[in-house]
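The file my_file.txt contains compact mmCIF, C-alpha atoms:
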```
# COMPACT_ATOMS: atom_id res chain seq x y z
CA MET A 5 29.15 -55.54 42.72
CA ASN A 6 26.03 -53.48 43.41
CA GLN A 7 23.01 -52.73 41.25
CA VAL A 8 22.56 -49.00 41.79
CA LYS A 9 19.07 -47.50 41.65
CA LEU A 10 18.18 -44.77 39.18
CA LYS A 11 17.20 -42.21 41.80
CA HIS A 12 20.62 -42.50 43.43
CA ILE A 13 22.41 -41.49 40.23
CA PHE A 14 20.52 -39.54 37.63
CA GLN A 15 19.10 -36.06 37.96
CA ILE A 16 17.49 -34.77 34.77
CA ASP A 17 16.16 -31.21 34.86
CA GLU A 18 13.76 -30.41 32.02
CA THR A 19 14.05 -26.66 32.64
CA ALA A 20 17.84 -26.46 32.58
CA GLY A 21 19.56 -25.19 29.45
CA ILE A 22 21.78 -28.25 29.43
CA PRO A 23 21.60 -31.08 26.87
CA LYS A 24 20.13 -34.22 28.42
CA TYR A 25 23.14 -36.34 27.51
CA ARG A 26 25.36 -33.90 29.39
CA GLN A 27 23.11 -34.19 32.44
CA ILE A 28 23.49 -37.98 32.33
CA ILE A 29 27.29 -37.69 32.20
CA SER A 30 27.34 -35.11 35.00
CA SER A 31 25.07 -37.30 37.13
CA VAL A 32 27.46 -40.25 36.85
CA TYR A 33 30.44 -38.06 37.74
CA LYS A 34 28.64 -36.56 40.71
CA ALA A 35 27.59 -40.02 41.95
CA ILE A 36 31.22 -41.19 41.75
CA GLU A 37 32.48 -38.10 43.58
CA GLN A 38 29.88 -38.59 46.33
CA GLY A 39 30.68 -42.28 46.70
CA ASN A 40 27.30 -43.48 45.42
CA LEU A 41 28.98 -45.27 42.53
CA LYS A 42 32.00 -47.52 42.99
CA LYS A 43 34.16 -49.49 40.61
CA GLY A 44 32.31 -52.59 39.44
CA ASP A 45 28.84 -51.21 40.17
CA LYS A 46 26.24 -51.93 37.53
CA ILE A 47 24.33 -48.87 36.41
CA PRO A 48 20.72 -48.93 35.15
CA SER A 49 20.22 -50.17 31.60
CA LEU A 50 19.75 -47.96 28.57
CA ASN A 51 16.05 -48.88 28.44
CA GLU A 52 15.54 -48.11 32.14
CA ILE A 53 17.06 -44.65 31.76
CA CYS A 54 15.02 -43.94 28.62
CA GLN A 55 11.73 -44.99 30.19
CA SER A 56 12.26 -43.34 33.56
CA PHE A 57 13.12 -39.92 32.11
CA ASP A 58 11.28 -40.09 28.77
CA LEU A 59 14.53 -39.82 26.81
CA SER A 60 15.37 -41.08 23.35
CA ARG A 61 17.72 -44.02 22.94
CA ASP A 62 20.07 -41.80 20.92
CA THR A 63 20.38 -39.30 23.78
CA VAL A 64 21.24 -41.97 26.33
CA MET A 65 23.54 -43.82 23.94
CA VAL A 66 25.54 -40.65 23.24
CA ALA A 67 26.07 -40.19 26.99
CA LEU A 68 27.05 -43.82 27.60
CA ASN A 69 29.41 -43.84 24.62
CA GLU A 70 31.16 -40.72 25.88
CA LEU A 71 31.49 -42.25 29.35
CA LYS A 72 32.98 -45.34 27.72
CA ALA A 73 35.39 -43.21 25.68
CA ARG A 74 36.55 -41.54 28.89
CA GLY A 75 37.18 -44.93 30.49
CA VAL A 76 34.59 -44.36 33.23
CA VAL A 77 32.09 -46.97 32.03
CA SER A 78 32.48 -50.31 30.30
CA SER A 79 29.84 -52.57 28.79
CA VAL A 80 29.43 -56.32 28.85
CA PRO A 81 27.33 -57.67 25.94
CA GLY A 82 24.05 -59.08 27.19
CA LYS A 83 24.66 -57.90 30.77
CA GLY A 84 24.81 -54.12 30.80
CA TYR A 85 27.00 -51.19 31.79
CA TYR A 86 29.43 -51.10 34.70
CA ILE A 87 31.64 -48.51 36.38
CA ASP A 88 35.13 -49.25 35.12
CA SER A 89 37.03 -46.44 36.85
CA THR A 90 36.34 -43.92 39.60
CA VAL A 91 39.55 -41.97 38.96
CA LEU A 92 38.37 -38.64 37.64
CA ASP A 93 41.81 -37.14 37.21
CA TYR A 94 41.06 -34.16 35.01
CA GLU A 95 43.51 -31.33 35.55
CA LYS A 96 41.20 -28.71 34.03
CA ARG A 97 37.44 -28.25 33.78
CA ILE A 98 36.08 -25.73 31.31
CA PHE A 99 32.64 -24.13 31.42
CA VAL A 100 31.29 -23.29 27.96
CA LEU A 101 28.08 -21.26 27.62
CA PHE A 102 26.61 -20.84 24.13
CA ASP A 103 23.38 -19.10 23.15
CA GLU A 104 21.96 -22.02 21.14
CA LEU A 105 22.97 -25.15 19.30
CA ASN A 106 23.20 -24.83 15.52
CA VAL A 107 25.60 -25.90 12.79
CA PHE A 108 27.90 -22.93 13.36
CA LYS A 109 28.04 -23.48 17.11
CA GLU A 110 28.61 -27.20 16.65
CA ASP A 111 31.57 -26.51 14.36
CA LEU A 112 32.90 -23.95 16.84
CA TYR A 113 32.56 -26.37 19.75
CA ASN A 114 34.22 -29.23 17.86
CA SER A 115 37.12 -27.01 16.80
CA PHE A 116 37.55 -25.86 20.38
CA THR A 117 37.52 -29.31 21.96
CA SER A 118 39.81 -30.76 19.29
CA GLN A 119 42.61 -28.59 20.64
CA LEU A 120 42.28 -29.84 24.22
CA ASP A 121 44.22 -32.70 25.78
CA ASN A 122 42.67 -35.69 27.54
CA LYS A 123 43.26 -34.09 30.93
CA THR A 124 40.67 -31.42 30.21
CA SER A 125 36.90 -31.85 30.51
CA VAL A 126 34.32 -29.51 29.00
CA ASP A 127 30.78 -28.88 30.22
CA ILE A 128 28.66 -27.10 27.62
CA TYR A 129 25.44 -25.22 28.39
CA PHE A 130 22.94 -23.17 26.37
CA HIS A 131 21.02 -20.10 27.58
CA HIS A 132 18.68 -19.88 24.54
CA PHE A 133 18.65 -16.06 24.69
CA ASN A 134 17.02 -16.18 28.12
CA PHE A 135 18.81 -13.76 30.44
CA ASN A 136 17.48 -15.36 33.63
CA LEU A 137 18.81 -18.72 32.49
CA PHE A 138 22.11 -17.09 31.51
CA GLU A 139 22.44 -15.61 34.99
CA LYS A 140 21.46 -18.89 36.68
CA LEU A 141 23.99 -20.97 34.76
CA VAL A 142 26.88 -18.55 35.30
CA THR A 143 26.07 -18.14 38.98
CA GLU A 144 25.89 -21.90 39.58
CA ALA A 145 29.21 -22.40 37.75
CA THR A 146 31.11 -19.82 39.79
CA GLY A 147 34.19 -21.31 41.45
CA LYS A 148 33.75 -24.75 39.90
CA TYR A 149 35.85 -24.42 36.73
CA SER A 150 39.37 -23.68 35.56
CA ALA A 151 38.11 -21.42 32.76
CA TYR A 152 34.85 -19.91 31.52
CA VAL A 153 34.10 -19.48 27.81
CA ILE A 154 30.95 -17.38 27.48
CA MET A 155 28.82 -16.25 24.56
CA PRO A 156 26.76 -13.25 25.79
CA ALA A 157 24.73 -12.97 22.57
CA THR A 158 22.44 -9.94 22.46
CA PHE A 159 22.36 -9.34 26.22
CA ASP A 160 23.46 -5.98 27.58
CA ASN A 161 25.11 -5.36 30.96
CA THR A 162 26.22 -8.98 31.31
CA ASN A 163 29.19 -7.81 33.35
CA GLN A 164 26.90 -7.60 36.37
CA VAL A 165 26.79 -11.41 36.20
CA ILE A 166 30.23 -12.25 34.81
CA ARG A 167 32.14 -9.99 37.22
CA HIS A 168 31.65 -12.59 39.97
CA LEU A 169 33.90 -14.99 38.04
CA PRO A 170 37.72 -14.88 38.31
CA ASN A 171 38.71 -12.09 35.92
CA ASP A 172 41.70 -13.97 34.46
CA LYS A 173 39.67 -17.11 33.68
CA VAL A 174 36.92 -15.60 31.52
CA TYR A 175 36.91 -15.60 27.70
CA ILE A 176 34.17 -13.97 25.62
CA LEU A 177 33.00 -15.39 22.29
CA ASP A 178 31.08 -14.09 19.28
CA ARG A 179 30.21 -10.52 20.33
CA GLU A 180 32.30 -7.57 21.41
CA LYS A 181 30.36 -5.94 24.24
CA ALA A 182 31.15 -2.51 25.67
CA ASP A 183 30.76 -3.65 29.27
CA LEU A 184 33.10 -6.63 28.75
CA LYS A 185 36.15 -4.74 27.45
CA GLY A 186 38.30 -6.10 30.26
CA TYR A 187 38.13 -9.71 29.02
CA PRO A 188 39.85 -11.47 26.12
CA VAL A 189 37.36 -11.76 23.25
CA ILE A 190 37.10 -13.50 19.88
CA TYR A 191 34.23 -11.90 18.01
CA GLN A 192 32.55 -11.43 14.67
CA ASP A 193 32.58 -7.92 13.22
CA PHE A 194 29.11 -8.21 11.78
CA GLU A 195 29.02 -4.75 10.19
CA GLN A 196 32.39 -5.16 8.49
CA ASP A 197 31.45 -8.68 7.41
CA VAL A 198 28.40 -7.29 5.58
CA VAL A 199 30.52 -4.64 3.87
CA ASP A 200 33.15 -7.21 2.85
CA ALA A 201 30.49 -9.57 1.49
CA LEU A 202 28.94 -6.80 -0.61
CA GLN A 203 32.35 -5.72 -1.88
CA ASP A 204 33.27 -9.28 -2.85
CA GLY A 205 29.97 -9.77 -4.67
CA LYS A 206 29.61 -6.34 -6.29
CA ASP A 207 30.14 -7.66 -9.82
CA LEU A 208 27.32 -10.16 -9.32
CA LEU A 209 25.06 -7.49 -7.82
CA LYS A 210 25.44 -5.10 -10.75
CA LYS A 211 22.74 -6.92 -12.71
CA TYR A 212 20.10 -5.86 -10.18
CA ASP A 213 18.35 -2.49 -10.23
CA ARG A 214 17.57 -2.60 -6.54
CA LEU A 215 19.01 -4.37 -3.53
CA VAL A 216 16.82 -4.91 -0.46
CA MET A 217 18.51 -6.01 2.76
CA HIS A 218 16.41 -7.27 5.64
CA PHE A 219 17.59 -7.49 9.26
CA PRO A 220 14.84 -9.15 11.33
CA GLY A 221 16.47 -8.27 14.66
CA GLY A 222 16.19 -10.33 17.82
CA LYS A 223 19.12 -12.74 17.76
CA GLU A 224 21.06 -10.74 15.20
CA PRO A 225 23.03 -7.61 16.18
CA GLU A 226 22.01 -4.25 14.75
CA VAL A 227 23.97 -3.09 11.71
CA GLU A 228 23.87 0.61 10.88
```
Now, as a test, write the supplied structure out as structure tokens.
Amino acid sequence: MNQVKLKHIFQIDETAGIPKYRQIISSVYKAIEQGNLKKGDKIPSLNEICQSFDLSRDTVMVALNELKARGVVSSVPGKGYYIDSTVLDYEKRIFVLFDELNVFKEDLYNSFTSQLDNKTSVDIYFHHFNFNLFEKLVTEATGKYSAYVIMPATFDNTNQVIRHLPNDKVYILDREKADLKGYPVIYQDFEQDVVDALQDGKDLLKKYDRLVMHFPGGKEPEVE
């Protein structure tokens, strides 16, 4: 059994649009794949990881709990965490790129993953409406996944980035974009949704003399 040093395992990038707990999980997987972690090795403690990377206990605990749920890590009370298995036998790896994390996106992600079997792993990323980050994440993921689920948000001409991915492995979420017509898409019809909402609530709206609708723009699509 070896005590593995932090610097040989974890790589936390503050500028990446990737949740810290996901970076911890990915670091452990990468270390196993590269042979830096072997079955029985003791990994740094929760407190060591928190202090070295200025992370909250909750963030690190979420990562360790997921690794335990996957059977990769086990814990021994009073002693720490150990590598329990180095068999990473996932048949499929899915790249998921959302614009941001909110309640709607969390529900969407949970619904998506609930339909997957235990032979499928999902790596989720966020571009935070930053096109350069969007391009960086997609480019770095090219050729590494079985499927790509991408939320282009308000960006235009995203096909210049996405076209480098295998055409039959890309799925677009949330927005129907003119330059992405060649890909399967599940999207919100924002304009029709507004019309339907007004129609459904017209009896309630009759009591008002004037209706003012405000569209701040930015993250929201334009509605004519």
For Phe159 (chain A): contacts at 9 Å, all atoms listed in the file, fewer than 5 positions along chain excluded, given as a short mmCIF file (atom, residue, chain, number, x, y, z; two decimals) with C-alpha atoms, in the frame of the given file:
```
data_model
loop_
_atom_site.label_atom_id
_atom_site.label_comp_id
_atom_site.auth_asym_id
_atom_site.auth_seq_id
_atom_site.Cartn_x
_atom_site.Cartn_y
_atom_site.Cartn_z
CA PHE A 133 18.65 -16.06 24.69
CA ASN A 134 17.02 -16.18 28.12
CA PHE A 135 18.81 -13.76 30.44
CA LYS A 181 30.36 -5.94 24.24
#
```
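Of the listed residues (A:Leu209, A:Leu202, A:Leu112, A:Ile154), A:Ile154 comes nearest to Val189 (chain A); the distances count all atoms listed in the file.
Taking CA of Thr63 (chain A) and CA of Lys24 (chain A) as endpoints, the distance between them is 6.9 Å.
Counting only C-alpha atoms, the residue from A:Leu141, A:Ile128, A:Leu92, A:Val77 that sits nearest to Tyr113 (chain A) is A:Ile128.
From CA of Gly44 (chain A) back to CA of Tyr149 (chain A), the distance works out to 28.5 Å.
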Shortest interatomic distance to Val165 (chain A) - which of A:Ile13, A:Leu105, A:Val142, A:Val76, counting only C-alpha atoms: A:Val142
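Near Asp103 (chain A), within 10 Å and counting all atoms listed in the file, sit A:Gly21, A:Leu101, A:Leu105, A:Asn106, A:Lys109, A:Tyr129, A:Phe130, A:His131, A:His132, A:Phe133, A:Asn134, A:Phe138, A:Ile154, A:Met155, A:Pro156, A:Ala157, A:Thr158, A:Asp178, A:Lys223; same-chain residues fewer than 2 positions away were not included.
If you count all atoms listed in the file and draw a sphere of 7 Å around (34.6, -13.8, 27.6), the protein and nucleic acid residues inside it come out as Val153, Ile154, Met155, Val174, Tyr175, Ile176, Leu177, Tyr187, Pro188 and Val189 of chain A.
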Point-to-point distance in Å for CA of Gln192 (chain A) and CA of Asn163 (chain A): 19.3 Å
Each side padded by 5 Å, which centre and which edge lengths in Å (one decimal) define the axis-aligned box around the listed atoms of region 25-41 of chain A? Give them as lines of an AutoDock Vina configuration file.
```
center_x = 27.8
center_y = -39.6
center_z = 37.1
size_x = 19.4
size_y = 21.4
size_z = 29.2
```
Contacts of Ser49 (chain A) within 10 Å, only C-alpha atoms, excl. fewer than 5 positions in-chain, as a ChimeraX atom specification: /A:10,54,64,83-86
Near-region 33-42 of chain A list (7 Å; all atoms listed in the file; drop same-chain fewer than 2 positions) as a list in words: Ile13, Ile29, Ser30, Ser31, Gly44, Asp45, Ile87 and Thr90 of chain A
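Comparing A:Phe194, A:Tyr152, A:Phe57, A:Phe99 by their smallest distance to Phe219 (chain A), the closest is A:Phe194 (using only C-alpha atoms).
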Export: region 27-132 of chain A, C-alpha atoms, as a compact mmCIF listing (two decimals), in the first residue's frame:
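Written file, result_17.txt:
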```
# COMPACT_ATOMS: atom_id res chain seq x y z
CA GLN A 27 -12.23 17.86 -11.38
CA ILE A 28 -11.45 15.75 -8.30
CA ILE A 29 -13.21 12.72 -9.79
CA SER A 30 -11.51 13.20 -13.17
CA SER A 31 -8.12 13.53 -11.46
CA VAL A 32 -8.55 10.19 -9.70
CA TYR A 33 -9.62 8.49 -12.93
CA LYS A 34 -6.69 9.97 -14.83
CA ALA A 35 -4.25 8.89 -12.12
CA ILE A 36 -5.60 5.33 -12.30
CA GLU A 37 -5.38 5.28 -16.09
CA GLN A 38 -1.77 6.54 -15.96
CA GLY A 39 -0.79 4.02 -13.31
CA ASN A 40 -0.16 6.61 -10.60
CA LEU A 41 -2.88 5.07 -8.45
CA LYS A 42 -3.13 1.34 -7.80
CA LYS A 43 -5.56 -0.81 -5.88
CA GLY A 44 -4.96 -0.43 -2.15
CA ASP A 45 -3.25 2.96 -2.43
CA LYS A 46 -4.28 5.48 0.20
CA ILE A 47 -5.29 8.83 -1.22
CA PRO A 48 -4.87 12.16 0.61
CA SER A 49 -7.41 12.89 3.33
CA LEU A 50 -10.44 15.11 2.94
CA ASN A 51 -8.77 17.82 5.04
CA GLU A 52 -5.56 17.68 2.99
CA ILE A 53 -7.46 18.14 -0.26
CA CYS A 54 -9.54 20.99 1.18
CA GLN A 55 -6.52 22.86 2.53
CA SER A 56 -4.26 22.34 -0.48
CA PHE A 57 -6.81 23.62 -3.01
CA ASP A 58 -8.90 25.93 -0.81
CA LEU A 59 -12.02 23.82 -1.32
CA SER A 60 -15.03 23.39 0.92
CA ARG A 61 -15.57 20.11 2.75
CA ASP A 62 -18.89 19.71 0.94
CA THR A 63 -17.22 19.91 -2.47
CA VAL A 64 -14.63 17.27 -1.63
CA MET A 65 -17.16 15.06 0.15
CA VAL A 66 -19.46 15.05 -2.89
CA ALA A 67 -16.55 13.88 -5.06
CA LEU A 68 -15.45 11.17 -2.62
CA ASN A 69 -19.00 9.93 -2.15
CA GLU A 70 -19.48 9.62 -5.90
CA LEU A 71 -16.20 7.73 -6.21
CA LYS A 72 -17.39 5.42 -3.44
CA ALA A 73 -20.73 4.92 -5.18
CA ARG A 74 -18.88 3.93 -8.35
CA GLY A 75 -16.83 1.38 -6.42
CA VAL A 76 -13.54 3.14 -7.18
CA VAL A 77 -12.83 4.31 -3.61
CA SER A 78 -13.59 2.83 -0.22
CA SER A 79 -13.19 4.35 3.22
CA VAL A 80 -11.94 2.90 6.48
CA PRO A 81 -13.23 4.76 9.57
CA GLY A 82 -10.40 6.53 11.34
CA LYS A 83 -7.86 5.67 8.62
CA GLY A 84 -8.93 7.34 5.39
CA TYR A 85 -9.77 6.64 1.77
CA TYR A 86 -8.28 3.90 -0.39
CA ILE A 87 -8.45 2.85 -4.03
CA ASP A 88 -10.79 -0.12 -4.07
CA SER A 89 -10.85 -0.82 -7.82
CA THR A 90 -8.85 0.26 -10.86
CA VAL A 91 -11.27 -1.35 -13.32
CA LEU A 92 -12.83 1.57 -15.14
CA ASP A 93 -15.05 -0.50 -17.39
CA TYR A 94 -17.45 2.10 -18.69
CA GLU A 95 -18.77 1.24 -22.13
CA LYS A 96 -19.85 4.83 -22.87
CA ARG A 97 -18.63 8.27 -21.86
CA ILE A 98 -20.90 11.24 -22.44
CA PHE A 99 -19.81 14.87 -22.64
CA VAL A 100 -22.48 17.29 -21.40
CA LEU A 101 -21.99 21.04 -21.85
CA PHE A 102 -24.53 23.36 -20.21
CA ASP A 103 -24.52 27.16 -20.13
CA GLU A 104 -24.87 27.48 -16.34
CA LEU A 105 -26.04 25.60 -13.29
CA ASN A 106 -29.50 26.52 -12.02
CA VAL A 107 -32.58 24.68 -10.79
CA PHE A 108 -33.85 24.01 -14.30
CA LYS A 109 -30.50 22.68 -15.49
CA GLU A 110 -30.12 20.55 -12.38
CA ASP A 111 -33.53 18.96 -13.01
CA LEU A 112 -32.62 18.44 -16.65
CA TYR A 113 -29.30 16.83 -15.76
CA ASN A 114 -30.85 14.54 -13.13
CA SER A 115 -33.57 13.43 -15.54
CA PHE A 116 -30.96 12.71 -18.18
CA THR A 117 -28.63 10.69 -15.96
CA SER A 118 -31.51 8.75 -14.39
CA GLN A 119 -32.09 7.08 -17.74
CA LEU A 120 -28.50 5.86 -18.11
CA ASP A 121 -27.18 2.48 -17.06
CA ASN A 122 -24.19 1.90 -14.78
CA LYS A 123 -21.93 1.31 -17.76
CA THR A 124 -22.21 4.95 -18.80
CA SER A 125 -20.27 7.84 -17.27
CA VAL A 126 -21.14 11.51 -17.69
CA ASP A 127 -18.78 14.48 -17.51
CA ILE A 128 -20.65 17.78 -17.16
CA TYR A 129 -19.15 21.18 -17.96
CA PHE A 130 -20.42 24.78 -17.95
CA HIS A 131 -19.42 27.55 -20.37
CA HIS A 132 -21.14 30.39 -18.45
```
